[in-house]
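Colleague: The file below is start_33.cif, mmCIF, C-alpha atoms and all ligand atoms:
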```cif
data_protein
#
loop_
_atom_site.label_atom_id
_atom_site.label_comp_id
_atom_site.auth_asym_id
_atom_site.auth_seq_id
_atom_site.Cartn_x
_atom_site.Cartn_y
_atom_site.Cartn_z
CA MET A 1 -53.37 5.05 -172.62
CA LYS A 2 -49.75 4.18 -172.12
CA ARG A 3 -50.28 3.85 -168.41
CA PHE A 4 -53.32 1.69 -168.93
CA SER A 5 -51.46 -0.68 -171.14
CA SER A 6 -48.52 -1.13 -168.84
CA ALA A 7 -50.90 -1.75 -165.97
CA LEU A 8 -52.95 -4.25 -167.95
CA THR A 9 -49.78 -6.02 -169.00
CA LEU A 10 -49.34 -6.99 -165.40
CA ALA A 11 -52.79 -8.52 -165.31
CA LEU A 12 -51.54 -11.19 -167.63
CA VAL A 13 -48.21 -11.98 -166.08
CA PHE A 14 -48.10 -15.67 -165.36
CA THR A 15 -46.53 -15.83 -161.99
CA ALA A 16 -45.35 -19.42 -162.07
CA PRO A 17 -43.75 -21.35 -164.91
CA GLN A 18 -46.76 -23.62 -165.20
CA VAL A 19 -48.27 -25.02 -168.34
CA PHE A 20 -51.66 -23.73 -169.32
CA ALA A 21 -53.00 -26.35 -171.67
CA TRP A 22 -55.86 -28.63 -172.42
CA SER A 23 -53.45 -31.38 -171.55
CA ASN A 24 -52.91 -33.90 -173.02
CA HIS A 25 -54.44 -33.07 -176.42
CA SER A 26 -53.80 -36.54 -177.83
CA PHE A 27 -56.26 -38.19 -175.40
CA ALA A 28 -59.12 -35.96 -176.54
CA THR A 29 -58.16 -36.18 -180.22
CA TYR A 30 -58.13 -39.99 -180.25
CA ARG A 31 -61.73 -40.00 -179.01
CA ALA A 32 -62.91 -37.05 -181.11
CA LEU A 33 -61.74 -38.56 -184.39
CA GLU A 34 -61.77 -42.34 -183.90
CA GLN A 35 -65.25 -42.83 -185.33
CA MET A 36 -64.84 -40.53 -188.33
CA PRO A 37 -65.04 -42.74 -191.42
CA GLU A 38 -62.12 -40.77 -192.91
CA LEU A 39 -59.95 -42.09 -190.07
CA ALA A 40 -61.59 -45.28 -188.92
CA ASN A 41 -61.34 -46.73 -192.42
CA ALA A 42 -58.03 -45.19 -193.40
CA ALA A 43 -55.18 -47.45 -194.46
CA PRO A 44 -51.90 -47.16 -192.55
CA VAL A 45 -49.48 -44.55 -193.85
CA THR A 46 -45.73 -44.82 -194.37
CA VAL A 47 -43.59 -42.92 -191.90
CA GLU A 48 -41.30 -40.39 -193.55
CA PRO A 49 -38.74 -38.07 -191.94
CA LEU A 50 -39.39 -34.34 -192.23
CA GLU A 51 -36.16 -33.94 -194.21
CA ALA A 52 -37.35 -36.35 -196.91
CA PHE A 53 -40.70 -34.57 -197.29
CA LEU A 54 -38.97 -31.18 -197.54
CA LYS A 55 -36.47 -32.42 -200.11
CA ALA A 56 -39.12 -34.01 -202.31
CA GLU A 57 -41.49 -31.04 -202.24
CA GLU A 58 -39.12 -28.11 -201.95
CA LYS A 59 -40.57 -26.12 -204.85
CA THR A 60 -44.23 -26.60 -203.88
CA ILE A 61 -43.37 -25.71 -200.27
CA GLU A 62 -41.63 -22.53 -201.42
CA ALA A 63 -44.81 -21.46 -203.21
CA LEU A 64 -47.07 -22.43 -200.31
CA LEU A 65 -45.05 -20.59 -197.68
CA ALA A 66 -45.07 -17.46 -199.84
CA SER A 67 -48.85 -17.73 -200.14
CA GLN A 68 -49.19 -18.25 -196.38
CA GLU A 69 -47.38 -14.98 -195.80
CA ALA A 70 -49.71 -13.17 -198.19
CA TRP A 71 -52.72 -14.77 -196.50
CA ALA A 72 -51.56 -13.73 -193.05
CA ALA A 73 -50.93 -10.14 -194.15
CA ALA A 74 -54.45 -9.97 -195.59
CA ASN A 75 -56.33 -11.85 -192.87
CA LEU A 76 -54.67 -11.36 -189.49
CA GLU A 77 -54.81 -8.29 -187.33
CA LYS A 78 -51.50 -6.92 -186.06
CA PHE A 79 -49.64 -9.41 -188.20
CA PRO A 80 -45.91 -8.66 -188.13
CA ALA A 81 -44.54 -9.35 -191.61
CA ARG A 82 -41.90 -12.03 -191.85
CA PRO A 83 -38.46 -10.53 -192.60
CA ALA A 84 -37.71 -11.18 -196.28
CA ALA A 85 -34.47 -12.98 -195.46
CA LEU A 86 -36.48 -15.79 -193.80
CA ALA A 87 -38.43 -16.72 -196.94
CA PHE A 88 -38.10 -20.39 -197.90
CA VAL A 89 -36.31 -20.60 -201.25
CA ALA A 90 -35.79 -23.95 -202.94
CA ASN A 91 -32.18 -25.03 -203.24
CA ALA A 92 -31.59 -28.62 -204.25
CA ASP A 93 -27.87 -28.40 -203.44
CA ARG A 94 -28.10 -27.67 -199.73
CA SER A 95 -27.84 -30.29 -196.99
CA ASP A 96 -30.93 -31.84 -195.38
CA ASP A 97 -30.10 -30.02 -192.16
CA ALA A 98 -29.80 -26.66 -193.88
CA ARG A 99 -33.16 -27.20 -195.63
CA ARG A 100 -34.87 -28.22 -192.39
CA LEU A 101 -33.50 -25.15 -190.62
CA ALA A 102 -34.65 -22.89 -193.46
CA PHE A 103 -38.13 -24.41 -193.31
CA LEU A 104 -38.53 -23.99 -189.55
CA MET A 105 -37.23 -20.44 -189.66
CA ALA A 106 -39.55 -19.58 -192.55
CA LEU A 107 -42.47 -20.82 -190.40
CA ARG A 108 -40.94 -18.86 -187.53
CA VAL A 109 -41.10 -21.75 -185.08
CA ALA A 110 -38.26 -22.68 -182.72
CA PRO A 111 -35.51 -24.06 -184.99
CA ASN A 112 -34.40 -26.56 -182.35
CA SER A 113 -37.85 -28.23 -182.40
CA LYS A 114 -37.52 -32.00 -182.55
CA PHE A 115 -40.15 -33.06 -185.09
CA ALA A 116 -39.23 -36.58 -184.03
CA LEU A 117 -40.87 -39.66 -185.52
CA PHE A 118 -43.10 -40.80 -182.68
CA ILE A 119 -46.60 -41.49 -181.46
CA GLN A 120 -48.33 -41.25 -178.14
CA PRO A 121 -50.23 -44.51 -177.79
CA ASP A 122 -54.00 -44.44 -177.40
CA PRO A 123 -54.53 -44.70 -173.63
CA GLN A 124 -57.55 -46.93 -174.19
CA LEU A 125 -55.63 -49.59 -176.11
CA PRO A 126 -53.70 -52.37 -174.45
CA ASP A 127 -49.96 -51.67 -174.49
CA ILE A 128 -48.90 -51.40 -178.05
CA THR A 129 -45.57 -52.84 -179.07
CA GLY A 130 -42.73 -50.53 -179.92
CA THR A 131 -39.73 -48.88 -178.43
CA ARG A 132 -40.35 -46.22 -175.86
CA ILE A 133 -38.36 -43.08 -176.44
CA ALA A 134 -37.39 -40.42 -173.95
CA TYR A 135 -39.41 -37.26 -173.34
CA ALA A 136 -36.34 -35.27 -174.36
CA ALA A 137 -36.34 -36.99 -177.78
CA VAL A 138 -39.60 -35.26 -178.75
CA ASN A 139 -39.75 -32.19 -176.51
CA THR A 140 -37.20 -29.44 -175.92
CA LEU A 141 -38.84 -28.39 -172.62
CA PRO A 142 -38.07 -29.91 -169.22
CA GLU A 143 -40.35 -32.80 -168.28
CA PRO A 144 -42.86 -31.88 -165.56
CA GLN A 145 -42.98 -34.08 -162.47
CA ASN A 146 -45.14 -37.18 -162.89
CA SER A 147 -45.95 -36.14 -166.43
CA GLY A 148 -47.18 -39.62 -167.32
CA TYR A 149 -46.12 -39.10 -170.92
CA LYS A 150 -45.42 -42.17 -173.01
CA PHE A 151 -43.79 -41.90 -176.43
CA ILE A 152 -43.21 -44.71 -178.90
CA GLY A 153 -40.50 -44.13 -181.51
CA LEU A 154 -41.17 -44.71 -185.23
CA LYS A 155 -38.71 -45.45 -188.02
CA PRO A 156 -38.80 -44.30 -191.64
CA GLY A 157 -40.79 -46.83 -193.64
CA ASP A 158 -42.89 -48.02 -190.66
CA GLN A 159 -46.63 -48.34 -191.28
CA ILE A 160 -48.80 -46.46 -188.84
CA ALA A 161 -52.50 -45.72 -188.41
CA PRO A 162 -53.42 -42.12 -189.37
CA LEU A 163 -55.40 -41.76 -186.13
CA ALA A 164 -52.24 -42.30 -184.07
CA VAL A 165 -50.36 -39.76 -186.20
CA ILE A 166 -52.94 -36.98 -185.99
CA ALA A 167 -53.77 -37.56 -182.31
CA SER A 168 -50.10 -37.56 -181.31
CA ALA A 169 -49.34 -34.45 -183.36
CA SER A 170 -52.27 -32.58 -181.83
CA ASP A 171 -50.24 -32.41 -178.62
CA GLU A 172 -46.95 -31.51 -180.29
CA PRO A 173 -47.16 -27.70 -180.37
CA ASP A 174 -46.68 -27.82 -176.60
CA TYR A 175 -43.26 -29.49 -177.04
CA GLY A 176 -41.26 -26.29 -177.45
CA LEU A 177 -42.23 -25.27 -180.98
CA ASP A 178 -43.47 -21.85 -179.91
CA ILE A 179 -40.93 -21.08 -177.20
CA ASN A 180 -38.78 -17.94 -177.15
CA LEU A 181 -39.85 -16.52 -180.50
CA TRP A 182 -39.80 -12.89 -179.38
CA GLU A 183 -37.31 -10.11 -179.74
CA ASP A 184 -36.81 -10.04 -175.94
CA SER A 185 -36.60 -13.83 -175.65
CA PRO A 186 -33.42 -15.54 -174.48
CA SER A 187 -32.80 -17.08 -177.92
CA ASP A 188 -30.92 -16.16 -181.09
CA TRP A 189 -33.87 -16.77 -183.38
CA GLY A 190 -36.27 -14.50 -181.49
CA LYS A 191 -34.10 -11.55 -182.48
CA VAL A 192 -34.55 -12.21 -186.20
CA TYR A 193 -38.17 -13.44 -186.36
CA GLY A 194 -39.80 -10.03 -186.34
CA PHE A 195 -42.59 -10.85 -183.89
CA GLY A 196 -41.59 -7.90 -181.69
CA PRO A 197 -41.37 -8.07 -177.89
CA LEU A 198 -43.49 -10.53 -175.89
CA PRO A 199 -46.92 -8.82 -175.74
CA PHE A 200 -47.70 -9.95 -172.16
CA GLY A 201 -46.14 -12.12 -169.50
CA ASN A 202 -42.58 -12.61 -168.40
CA PRO A 203 -40.06 -13.03 -171.25
CA ALA A 204 -37.78 -15.04 -168.96
CA LEU A 205 -40.36 -17.83 -168.43
CA ASN A 206 -40.49 -20.22 -171.35
CA TYR A 207 -44.21 -21.02 -170.97
CA SER A 208 -45.06 -17.32 -170.95
CA THR A 209 -43.38 -16.96 -174.32
CA GLN A 210 -45.58 -19.74 -175.73
CA ALA A 211 -48.87 -18.27 -174.50
CA PRO A 212 -49.49 -15.67 -177.26
CA PHE A 213 -49.41 -18.48 -179.84
CA HIS A 214 -51.86 -20.65 -177.89
CA MET A 215 -54.35 -18.01 -176.72
CA GLY A 216 -56.31 -15.43 -178.65
CA PHE A 217 -58.46 -12.59 -177.36
CA TYR A 218 -60.66 -11.77 -180.35
CA HIS A 219 -63.94 -11.01 -178.65
CA GLU A 220 -63.21 -8.48 -175.92
CA ASP A 221 -64.89 -5.16 -175.34
CA SER A 222 -63.56 -2.51 -177.75
CA ILE A 223 -62.51 -0.33 -174.84
CA LEU A 224 -60.06 -3.02 -173.74
CA TYR A 225 -58.42 -3.03 -177.15
CA MET A 226 -58.03 0.72 -176.87
CA ALA A 227 -56.61 0.49 -173.38
CA ALA A 228 -54.41 -2.50 -174.10
CA PRO A 229 -53.77 -2.91 -177.84
CA PHE A 230 -51.12 -5.55 -177.17
CA ILE A 231 -53.82 -8.12 -176.40
CA LYS A 232 -54.36 -8.30 -180.16
CA ARG A 233 -50.82 -9.54 -180.71
CA THR A 234 -51.59 -13.24 -180.44
CA PHE A 235 -51.04 -15.75 -183.25
CA PRO A 236 -52.89 -19.05 -182.88
CA LEU A 237 -54.70 -18.30 -186.15
CA LEU A 238 -51.37 -18.01 -187.95
CA ARG A 239 -50.24 -21.42 -186.70
CA SER A 240 -53.58 -23.05 -187.40
CA TYR A 241 -53.44 -21.81 -191.01
CA GLN A 242 -49.75 -22.60 -191.57
CA TYR A 243 -50.05 -26.24 -190.50
CA GLY A 244 -53.50 -26.73 -192.02
CA SER A 245 -52.35 -25.63 -195.47
CA LEU A 246 -49.13 -27.67 -195.15
CA ALA A 247 -51.29 -30.70 -194.37
CA ALA A 248 -53.33 -30.18 -197.53
CA LEU A 249 -50.12 -29.81 -199.56
CA ALA A 250 -48.66 -32.99 -198.09
CA PHE A 251 -51.81 -35.00 -198.89
CA ARG A 252 -51.98 -33.54 -202.38
CA THR A 253 -48.39 -34.48 -203.15
CA GLY A 254 -48.60 -38.02 -201.83
CA HIS A 255 -47.04 -37.62 -198.37
CA ALA A 256 -49.95 -38.88 -196.29
CA TYR A 257 -47.88 -39.27 -193.13
CA TRP A 258 -47.09 -35.55 -193.15
CA GLY A 259 -50.66 -34.80 -194.17
CA TRP A 260 -51.93 -36.29 -190.91
CA ARG A 261 -49.02 -34.96 -188.90
CA PHE A 262 -49.50 -31.35 -190.00
CA ALA A 263 -53.26 -31.73 -189.61
CA GLY A 264 -52.68 -32.69 -185.97
CA LEU A 265 -50.36 -29.73 -185.42
CA SER A 266 -53.02 -27.44 -186.85
CA LEU A 267 -55.77 -28.93 -184.67
CA HIS A 268 -53.85 -28.07 -181.51
CA TYR A 269 -54.43 -24.33 -181.88
CA LEU A 270 -58.12 -24.69 -182.64
CA GLN A 271 -58.47 -26.99 -179.64
CA ASP A 272 -56.68 -24.53 -177.36
CA LEU A 273 -59.20 -21.88 -178.36
CA THR A 274 -62.12 -24.12 -177.33
CA GLN A 275 -60.87 -23.58 -173.76
CA PRO A 276 -62.57 -20.36 -172.58
CA TYR A 277 -59.52 -19.38 -170.52
CA HIS A 278 -57.54 -19.34 -173.79
CA ALA A 279 -60.16 -17.34 -175.70
CA SER A 280 -61.16 -14.76 -173.11
CA LEU A 281 -58.93 -12.33 -171.25
CA ALA A 282 -60.64 -12.53 -167.87
CA PRO A 283 -63.61 -14.93 -167.71
CA GLY A 284 -66.13 -13.80 -165.12
CA ASN A 285 -64.70 -10.30 -164.78
CA SER A 286 -66.43 -7.42 -166.51
CA THR A 287 -64.51 -4.82 -168.48
CA LEU A 288 -65.41 -2.34 -165.80
CA GLN A 289 -63.96 -4.55 -163.06
CA LEU A 290 -60.76 -5.02 -165.07
CA LEU A 291 -60.31 -1.32 -165.70
CA GLY A 292 -61.31 -0.48 -162.13
CA ALA A 293 -58.73 -2.85 -160.68
CA ASN A 294 -56.12 -1.33 -162.95
CA ILE A 295 -56.98 2.20 -161.97
CA LEU A 296 -56.62 1.25 -158.31
CA ALA A 297 -53.32 -0.43 -159.09
CA MET A 298 -52.07 2.69 -160.81
CA ALA A 299 -53.00 4.63 -157.70
CA GLY A 300 -50.75 2.33 -155.70
CA MET A 301 -53.46 -0.09 -154.52
CA SER A 302 -52.62 -3.21 -156.46
CA GLY A 303 -54.35 -5.66 -154.11
CA LYS A 304 -57.53 -6.03 -156.12
CA LYS A 305 -55.70 -6.61 -159.36
CA ASP A 306 -53.22 -9.03 -157.82
CA ASP A 307 -56.13 -11.06 -156.42
CA MET A 308 -57.83 -11.08 -159.79
CA VAL A 309 -54.69 -12.39 -161.50
CA VAL A 310 -54.30 -15.22 -158.98
CA LEU A 311 -57.95 -16.24 -159.19
CA LEU A 312 -57.89 -16.23 -163.00
CA SER A 313 -54.82 -18.41 -163.01
CA ASN A 314 -56.20 -20.77 -160.35
CA ARG A 315 -59.51 -21.25 -162.17
CA HIS A 316 -57.73 -21.76 -165.47
CA LEU A 317 -55.53 -24.46 -163.97
CA ALA A 318 -58.35 -26.07 -161.99
CA VAL A 319 -60.60 -26.66 -164.98
CA GLU A 320 -57.73 -28.02 -167.08
CA LYS A 321 -56.61 -30.33 -164.32
CA TYR A 322 -60.12 -31.66 -163.76
CA GLN A 323 -60.62 -32.32 -167.47
CA LYS A 324 -57.27 -34.10 -167.65
CA GLU A 325 -58.10 -36.33 -164.68
CA LEU A 326 -61.50 -37.23 -166.14
CA LEU A 327 -59.94 -38.26 -169.46
CA GLN A 328 -57.17 -40.22 -167.74
CA ASN A 329 -59.53 -42.06 -165.43
CA ALA A 330 -61.89 -42.96 -168.23
CA ALA A 331 -58.98 -44.17 -170.36
CA SER A 332 -57.54 -46.39 -167.66
CA SER A 333 -60.92 -47.88 -166.81
CA LYS A 334 -61.37 -48.45 -170.57
CA GLN A 335 -64.94 -47.34 -170.61
CA ASP A 336 -66.71 -44.46 -172.23
CA THR A 337 -67.98 -41.89 -169.78
CA ALA A 338 -70.02 -38.79 -170.58
CA ILE A 339 -66.77 -37.11 -171.59
CA GLU A 340 -65.97 -39.65 -174.31
CA LYS A 341 -69.56 -39.62 -175.45
CA ALA A 342 -69.37 -35.84 -175.81
CA LEU A 343 -66.13 -36.16 -177.79
CA HIS A 344 -67.69 -38.77 -180.10
CA ASN A 345 -70.95 -36.95 -180.65
CA THR A 346 -71.22 -35.76 -184.26
CA GLU A 347 -74.75 -34.37 -183.96
CA LYS A 348 -73.66 -30.74 -183.87
CA ASP A 349 -70.90 -30.91 -186.50
CA ARG A 350 -73.15 -29.70 -189.28
CA SER A 351 -74.93 -27.10 -187.18
CA TYR A 352 -71.91 -24.80 -187.55
CA PRO A 353 -71.23 -22.52 -190.52
CA ASP A 354 -69.21 -24.02 -193.38
CA TRP A 355 -65.46 -23.94 -192.91
CA SER A 356 -63.75 -20.74 -193.98
CA ASP A 357 -60.58 -18.84 -193.18
CA ARG A 358 -62.52 -17.17 -190.37
CA TYR A 359 -63.98 -20.31 -188.81
CA VAL A 360 -61.42 -20.61 -186.00
CA ARG A 361 -61.87 -17.00 -185.02
CA ASP A 362 -65.57 -16.38 -185.68
CA VAL A 363 -66.97 -19.78 -184.73
CA VAL A 364 -64.58 -21.64 -182.41
CA SER A 365 -63.16 -18.78 -180.45
CA ALA A 366 -66.41 -16.77 -180.40
CA GLN A 367 -68.30 -19.73 -178.93
CA SER A 368 -65.61 -20.32 -176.34
CA ALA A 369 -65.35 -16.66 -175.29
CA ALA A 370 -69.14 -16.43 -175.01
CA TYR A 371 -69.16 -19.41 -172.66
CA ALA A 372 -66.38 -18.01 -170.46
CA PRO A 373 -68.53 -16.16 -167.89
CA ARG A 374 -70.68 -19.25 -167.35
CA LEU A 375 -67.64 -21.45 -166.91
CA ALA A 376 -66.21 -19.07 -164.31
CA GLN A 377 -69.55 -19.11 -162.49
CA THR A 378 -69.72 -22.90 -162.58
CA LEU A 379 -66.18 -23.23 -161.22
CA VAL A 380 -66.93 -20.87 -158.36
CA ALA A 381 -70.16 -22.71 -157.55
CA THR A 382 -68.80 -26.25 -157.71
CA VAL A 383 -65.07 -26.39 -156.93
CA PRO A 384 -63.78 -26.10 -153.32
CA GLU A 385 -63.45 -22.44 -152.46
CA LEU A 386 -59.78 -22.74 -151.58
CA PHE A 387 -58.91 -23.68 -155.18
CA VAL A 388 -60.89 -21.07 -157.10
CA SER A 389 -61.96 -18.28 -154.77
CA ASP A 390 -59.06 -17.78 -152.38
CA PRO A 391 -56.41 -15.40 -153.73
CA SER A 392 -53.91 -16.48 -151.05
CA PHE A 393 -53.81 -19.97 -152.57
CA ASP A 394 -51.52 -20.72 -155.52
CA PHE A 395 -53.00 -23.62 -157.47
CA GLY A 396 -49.94 -23.86 -159.72
CA VAL A 397 -47.62 -24.48 -156.78
CA LYS A 398 -49.91 -27.04 -155.13
CA GLU A 399 -51.19 -28.66 -158.32
CA ALA A 400 -49.15 -31.88 -158.19
CA GLY A 401 -50.68 -32.77 -154.81
CA ILE A 402 -54.28 -32.08 -155.77
CA SER A 403 -56.77 -34.61 -157.09
CA MET A 404 -59.71 -32.66 -158.40
CA VAL A 405 -61.79 -35.79 -158.85
CA SER A 406 -61.45 -36.88 -155.24
CA GLU A 407 -61.95 -33.35 -153.94
CA LEU A 408 -65.13 -33.03 -155.97
CA SER A 409 -66.48 -36.45 -155.11
CA ARG A 410 -66.48 -35.34 -151.49
CA ARG A 411 -68.81 -32.50 -152.41
CA ASP A 412 -72.46 -32.60 -153.30
CA ALA A 413 -73.27 -34.68 -156.34
CA ALA A 414 -75.35 -31.97 -157.97
CA GLY A 415 -72.40 -29.57 -158.02
CA ARG A 416 -70.13 -32.16 -159.50
CA ALA A 417 -72.71 -33.01 -162.15
CA GLN A 418 -72.88 -29.34 -163.09
CA LEU A 419 -69.12 -29.13 -163.59
CA ASP A 420 -69.06 -32.44 -165.47
CA SER A 421 -71.68 -31.15 -167.81
CA ALA A 422 -69.69 -27.95 -168.45
CA VAL A 423 -66.54 -29.94 -169.23
CA ALA A 424 -68.52 -32.31 -171.45
CA GLN A 425 -69.96 -29.38 -173.33
CA LEU A 426 -66.52 -27.89 -173.93
CA LEU A 427 -65.10 -31.21 -175.07
CA GLY A 428 -68.12 -31.69 -177.31
CA ASN A 429 -67.20 -28.39 -178.96
CA LEU A 430 -63.58 -29.51 -179.25
CA GLY A 431 -64.68 -32.71 -180.96
CA ALA A 432 -67.07 -31.09 -183.44
CA HIS A 433 -64.63 -28.35 -184.46
CA SER A 434 -61.73 -30.80 -184.72
CA ARG A 435 -63.74 -32.97 -187.11
CA ASN A 436 -64.82 -29.97 -189.14
CA ALA A 437 -61.17 -28.90 -189.41
CA VAL A 438 -60.11 -32.37 -190.59
CA ARG A 439 -62.88 -32.38 -193.19
CA SER A 440 -61.78 -28.97 -194.45
CA ILE A 441 -58.16 -30.11 -194.76
CA LEU A 442 -59.15 -33.24 -196.65
CA LYS A 443 -61.37 -31.19 -198.93
CA ALA A 444 -58.53 -28.71 -199.60
CA SER A 445 -56.19 -31.61 -200.32
CA ASN A 446 -58.39 -32.68 -203.23
CA GLN A 447 -58.25 -29.25 -204.82
CA GLN A 448 -55.30 -28.22 -206.95
ZN ZN B 501 -51.27 -25.24 -176.49
#
```
Translate this file's structure into structure tokens.

Modeller:
Amino acid sequence: MKRFSSALTLALVFTAPQVFAWSNHSFATYRALEQMPELANAAPVTVEPLEAFLKAEEKTIEALLASQEAWAAANLEKFPARPAALAFVANADRSDDARRLAFLMALRVAPNSKFALFIQPDPQLPDITGTRIAYAAVNTLPEPQNSGYKFIGLKPGDQIAPLAVIASASDEPDYGLDINLWEDSPSDWGKVYGFGPLPFGNPALNYSTQAPFHMGFYHEDSILYMAAPFIKRTFPLLRSYQYGSLAALAFRTGHAYWGWRFAGLSLHYLQDLTQPYHASLAPGNSTLQLLGANILAMAGMSGKKDDMVVLLSNRHLAVEKYQKELLQNAASSKQDTAIEKALHNTEKDRSYPDWSDRYVRDVVSAQSAAYAPRLAQTLVATVPELFVSDPSFDFGVKEAGISMVSELSRRDAAGRAQLDSAVAQLLGNLGAHSRNAVRSILKASNQQ
């Protein structure tokens, strides 16, 4: 078993420091939520710094964070208990900085996270007024080339639409919050957080260290869990719950800005899991193929497994890039395409089970994992072979120079329509589950 697990570890090593993400979450969230009455009719909220919220609600936050820990111990598999010394204990005498640090360390997120006051403007709206702030003011990670990110700074006391707050925050967990949290991470805090060593990937690559908080493999074959138990050590459900319950607390105690902000942070993890490549270990590969490739690799023939890793990574990146281009193009042409229509569509919202603590795992991630083989098939059938079926090609390295939309428009229209429909279906799921999550947070915020 030991040999299996070390071999399978390699199957998940991300070879390049590239971002795997439904990027940029704010674009999809603006469209998914803009027609919800709870947001469309919501009055602006007053911007408040994190420090002020923490100071005002220190005692209630102490109680909530203790209950979050108890919830996680009872509800999450392989949950590593938080070291007692990290518990958040109210102390009215400490400085704002000390309280902020204690809060972030009690959540076990990167303590250097910015939590800046900002929004990402809605790409469909004409340039909004405001002061642009630097990428580095909101994000601790290096800015990718041609990132296209645009951040507008906010000041305490500003009035801002809740939609802008929640949409902007839905992208925020990718800004360094979950970087280097492991015992073998190049950080001081990783050593004290108690998450153990990075379960898979390269601890020296910052994006690898984020992955186990933004992916979750809950629906694999039981033999894979036996062969590679470390694939259970992923924590998007922890983050989703932490921020979701903080949002309800903030609403309940009259801090609506932080209510929407934490709600957005919570949405991010649910949205990541709607991406089949975040919810399934190896879309399109059977358990037998995975184990077979690993057995060959153990016998010194690693070619098959290496190819599999490259193809998985290439397909993962290709679908995310295509989705991003579609959203960007639609936003800049200011018209609703099938993608926006799918994000708006509320028809299926009520077809899902009522919200519960297991919704993200049993509904969102189960649906996404079940769709994974079909998505892999669709990618292979519709995307140029070089990008998704050629293991000598590294999509991550070439990504900046690739336009998926123009590559696909040169292909047959039927193939492109098939891929468009798959992406629309996935974004439709993202929209429905995001709205259901917002409704559940608002409902919880009305309960004492
Ligand atoms: Zn993410």

Colleague: Which of these, A:Ala167, A:Ile61, A:Ile231, A:Leu273, has the shortest distance to ligand ZN 501 (chain B) once you count all atoms listed in the file?

Modeller: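 That would be A:Leu273, the residue with the smallest distance to ligand ZN 501 (chain B).
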
Colleague: Would you mind listing the residues within 10 Å of ligand ZN 501 (chain B), counting only C-alpha atoms and all ligand atoms, as a ChimeraX atom specification?

Modeller: /A:19-25,170-175,178,207,210-215,236,268-273,278

Colleague: With a distance cut-off of 6 Å and all atoms listed in the file, select the neighbouring residues of segment 390-396 of chain A, excluding the residue or stretch itself and same-chain residues fewer than 2 positions from it, and output the selection as a list in words.

Modeller: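 Surrounding residues, per the criterion: Asp307, Val310, Leu311, Asn314, Leu386, Lys398 and Glu399 of chain A.
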
Colleague: For atom CA of Thr60 of chain A and atom CA of Asn91 of chain A, determine how far apart the two atoms are, in Å to one decimal place.

Modeller: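 Between atom CA of Thr60 of chain A and atom CA of Asn91 of chain A the gap works out to 12.2 Å.
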
Colleague: One decimal, Å: what's the distance from atom CA of Val89 of chain A over to atom CA of Ala63 of chain A, could you say?

Modeller: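 Taking atom CA of Val89 of chain A and atom CA of Ala63 of chain A, their separation equals 8.8 Å.
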
Colleague: Quick one: residues within 12 Å of (-56.1, -2.0, -157.4) (file frame), counting all atoms listed in the file, please, as a PyMOL selection string.

Modeller: chain A and resi 7-8+10-11+289-309

Colleague: Quick one, how far is atom CA of Met105 of chain A from atom CA of Phe195 of chain A?

Modeller: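 Computed distance, atom CA of Met105 of chain A to atom CA of Phe195 of chain A, equals 12.4 Å.
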
Colleague: Report as a list of chain:residue names all protein, DNA and RNA residues lying within 10 Å of Gly130 of chain A, evaluated on all atoms listed in the file, omitting residues in the same chain fewer than 5 positions from it.

Modeller: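 Once the adjacent positions are removed, what remains is A:Ile119, A:Pro121, A:Phe151, A:Ile152, A:Gly153, A:Leu154.
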
Colleague: Which residues are close to segment 135-149 of chain A, i.e. within 8 Å by only C-alpha atoms, leaving aside same-chain residues fewer than 3 positions away? Reply as a PyMOL selection string.

Modeller: chain A and resi 112-116+118+120+175-176+400

Colleague: I need the chosen residues saved as a CSV table (one decimal), in the frame of the given file, with C-alpha atoms.

Modeller:
```
chain,number,residue,atom,x,y,z
A,112,ASN,CA,-34.4,-26.6,-182.4
A,113,SER,CA,-37.8,-28.2,-182.4
A,114,LYS,CA,-37.5,-32.0,-182.6
A,115,PHE,CA,-40.2,-33.1,-185.1
A,116,ALA,CA,-39.2,-36.6,-184.0
A,118,PHE,CA,-43.1,-40.8,-182.7
A,120,GLN,CA,-48.3,-41.2,-178.1
A,175,TYR,CA,-43.3,-29.5,-177.0
A,176,GLY,CA,-41.3,-26.3,-177.4
A,400,ALA,CA,-49.2,-31.9,-158.2
```

Colleague: Please rebuild segment 27-32 of chain A with N, CA and C atoms and give the result as a tab-separated table (two decimals), in the coordinates of the input.

Modeller:
```tsv
chain	number	residue	atom	x	y	z
A	27	PHE	N	-55.17	-37.38	-175.97
A	27	PHE	CA	-56.26	-38.19	-175.40
A	27	PHE	C	-57.60	-37.76	-176.00
A	28	ALA	N	-57.84	-36.47	-176.02
A	28	ALA	CA	-59.12	-35.96	-176.54
A	28	ALA	C	-59.22	-36.19	-178.05
A	29	THR	N	-58.11	-36.03	-178.76
A	29	THR	CA	-58.16	-36.18	-180.22
A	29	THR	C	-58.44	-37.62	-180.63
A	30	TYR	N	-57.83	-38.58	-179.94
A	30	TYR	CA	-58.13	-39.99	-180.25
A	30	TYR	C	-59.64	-40.23	-180.21
A	31	ARG	N	-60.29	-39.75	-179.16
A	31	ARG	CA	-61.73	-40.00	-179.01
A	31	ARG	C	-62.54	-39.17	-180.01
A	32	ALA	N	-62.12	-37.93	-180.22
A	32	ALA	CA	-62.91	-37.05	-181.11
A	32	ALA	C	-62.95	-37.56	-182.54
```
